[in-house]
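S.K.: Please see the structure below; I have some questions.
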Amino acid sequence: MSSVRDKVTVVTGAGSGIGRRLALELARRGARLAISDVNETGLTETADQAKALGAEVHTARLDVADRDAVVAYAAAVEEHYGVVHQVYNNAGIASSGTVLDGEWSEYDTVLGINLFGVINGTKAFLPAIVRSGDGHVVNVSSLNGIMAQPGMSAYCTAKFGVRGFTETLRAEMLASGAPVGVTVVHPGGVKTNIATAAFERGSAAGRTTAADEARTRTYNEKLLKMPADQAARIIVDGVEGGKPRVLVGNDAKFVDLFVRLVPRFYPAALVRFGGKVLGGS
């Protein structure tokens, strides 16, 4: 068990949802925070709440898809604190669209944030994390990094990529003997605004349909159920416990087992039930 107390912890996408709750949970446990988001209003709210818990907080507006900006941010955080122990690459967006009809631009956007944002954050912070002598990289995938759903091709591609990237990193850290733990996180249905934000983004681009609206409503009312603060506790408990893989929620655990038991048949089962198993995170 390795405590996060007094550790310098970086959280991306901290302006809302799981990212905000991760930052606040880390603050409660005595971590020093470096938090970022593209939404400066949400980020400020998170920072104020973390400071009220007694945490030291460094904030920055950051687009994780901008590699140069992430590299500069990593240098700024290390300069500010003198050390970086942990990074939680959490920033992400939801997306829908089939392979046949999906827009090229949607793949660029979703992969840029959900996959390359994780790669950018990991590579930018990893040298400092190794130098800390007691580091940890935490990358947030999804239940959809275990199970692919129809109509979510860009999102599933990114989240499977996060899983593969993170598991590769863990093997490399073990092989090199580096003092760095590595954890991949697979949240199930966590109650955040991710589905609504995806619908609003699609609506602004003129790409949403009545089916998309119904899907968003189903996610929010029936599938995204676990409180985000509970999810954050599970994740930080897993990190402190040195777990390489954290499944958040019974739904994630069920789907993980289901896919392992019947990998050949699960796509047909999804189609039969309309693909509405649960939302991503």
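Starting from 1 in every chain, residues are counted up; chains themselves are A, B, ... following the order of the structure tokens, and ligands are numbered from 1 as listed.
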Which residues come within 12 Å of A:Leu100, counting only C-alpha atoms, excluding same-chain residues fewer than 5 positions away, as a list of chain:residue names?

M.R.: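 Counting only the stated atoms, we get A:Pro150, A:Gly151, A:Met152, A:Ser153, A:Ala154.
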
S.K.: Export, as a PDB file, in the first residue's frame, the selected residues with all heavy atoms.

M.R.:
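As written to disk, part_38.pdb reads:
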```
ATOM      1  N   PRO A 150     -21.616  -1.386 -30.856  1.00  0.00           N
ATOM      2  CA  PRO A 150     -21.947  -0.807 -32.161  1.00  0.00           C
ATOM      3  C   PRO A 150     -22.312   0.658 -32.019  1.00  0.00           C
ATOM      4  O   PRO A 150     -22.891   1.077 -31.014  1.00  0.00           O
ATOM      5  CB  PRO A 150     -23.152  -1.649 -32.617  1.00  0.00           C
ATOM      6  CG  PRO A 150     -23.729  -2.216 -31.357  1.00  0.00           C
ATOM      7  CD  PRO A 150     -22.565  -2.426 -30.445  1.00  0.00           C
ATOM      8  N   GLY A 151     -21.952   1.439 -33.016  1.00  0.00           N
ATOM      9  CA  GLY A 151     -22.285   2.857 -33.016  1.00  0.00           C
ATOM     10  C   GLY A 151     -21.358   3.720 -32.194  1.00  0.00           C
ATOM     11  O   GLY A 151     -21.637   4.898 -31.980  1.00  0.00           O
ATOM     12  N   MET A 152     -20.229   3.152 -31.731  1.00  0.00           N
ATOM     13  CA  MET A 152     -19.279   3.914 -30.911  1.00  0.00           C
ATOM     14  C   MET A 152     -17.853   3.635 -31.387  1.00  0.00           C
ATOM     15  O   MET A 152     -16.942   3.448 -30.588  1.00  0.00           O
ATOM     16  CB  MET A 152     -19.429   3.540 -29.430  1.00  0.00           C
ATOM     17  CG  MET A 152     -20.781   3.851 -28.847  1.00  0.00           C
ATOM     18  SD  MET A 152     -20.958   3.330 -27.113  1.00  0.00           S
ATOM     19  CE  MET A 152     -19.779   4.420 -26.311  1.00  0.00           C
ATOM     20  N   SER A 153     -17.662   3.623 -32.695  1.00  0.00           N
ATOM     21  CA  SER A 153     -16.398   3.119 -33.240  1.00  0.00           C
ATOM     22  C   SER A 153     -15.192   3.966 -32.842  1.00  0.00           C
ATOM     23  O   SER A 153     -14.151   3.429 -32.450  1.00  0.00           O
ATOM     24  CB  SER A 153     -16.472   3.000 -34.764  1.00  0.00           C
ATOM     25  OG  SER A 153     -16.687   4.261 -35.371  1.00  0.00           O
ATOM     26  N   ALA A 154     -15.292   5.287 -32.912  1.00  0.00           N
ATOM     27  CA  ALA A 154     -14.146   6.126 -32.561  1.00  0.00           C
ATOM     28  C   ALA A 154     -13.827   6.015 -31.079  1.00  0.00           C
ATOM     29  O   ALA A 154     -12.669   5.903 -30.675  1.00  0.00           O
ATOM     30  CB  ALA A 154     -14.426   7.580 -32.947  1.00  0.00           C
TER      31      ALA A 154
END
```

S.K.: What's around stretch 129-134 of chain A at 6 Å? Count only C-alpha atoms, leave out sequence neighbours fewer than 3 positions away in its own chain, and write the answer as a list in words.

M.R.: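 After dropping sequence-adjacent residues, the list is Val84, His85, Leu126 and Pro179 of chain A.
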
S.K.: Which polymer residues have any atom within 8 Å of an atom of A:Lys159, counting only C-alpha atoms, with same-chain residues fewer than 4 positions away left out, as a list in words?

M.R.: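 In the requested format, the answer is Asn114, Leu115, Ser141, Ser142, Asn144, Gly145, Tyr155 and Arg163 of chain A.
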
S.K.: Between atom CA of A:Tyr81 and atom CA of A:Arg233, what is the distance, to one decimal in Å?

M.R.: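 Straight-line distance from atom CA of A:Tyr81 to atom CA of A:Arg233 works out to 24.7 Å.
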
S.K.: Please identify all polymer residues within 12 Å of A:Val239, counting only C-alpha atoms, omitting same-chain residues fewer than 3 positions from it, and present them as a VMD selection string.

M.R.: chain A and resid 1 to 4 9 22 26 86 to 88 135 to 139 180 to 185 232 to 236 242 to 247

S.K.: Considering only C-alpha atoms, can you say which of A:Pro187, A:Gly102, A:Gly112, A:Pro127 comes closest to A:Met226?

M.R.: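 Smallest separation from A:Met226 among the options: A:Pro187.
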
S.K.: Tell me which of A:Arg5, A:Arg32, A:Arg170, A:Arg264 sits closest to A:Gly82, counting only C-alpha atoms.

M.R.: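 Of A:Arg5, A:Arg32, A:Arg170, A:Arg264, the one nearest A:Gly82, counting only C-alpha atoms, is A:Arg32.
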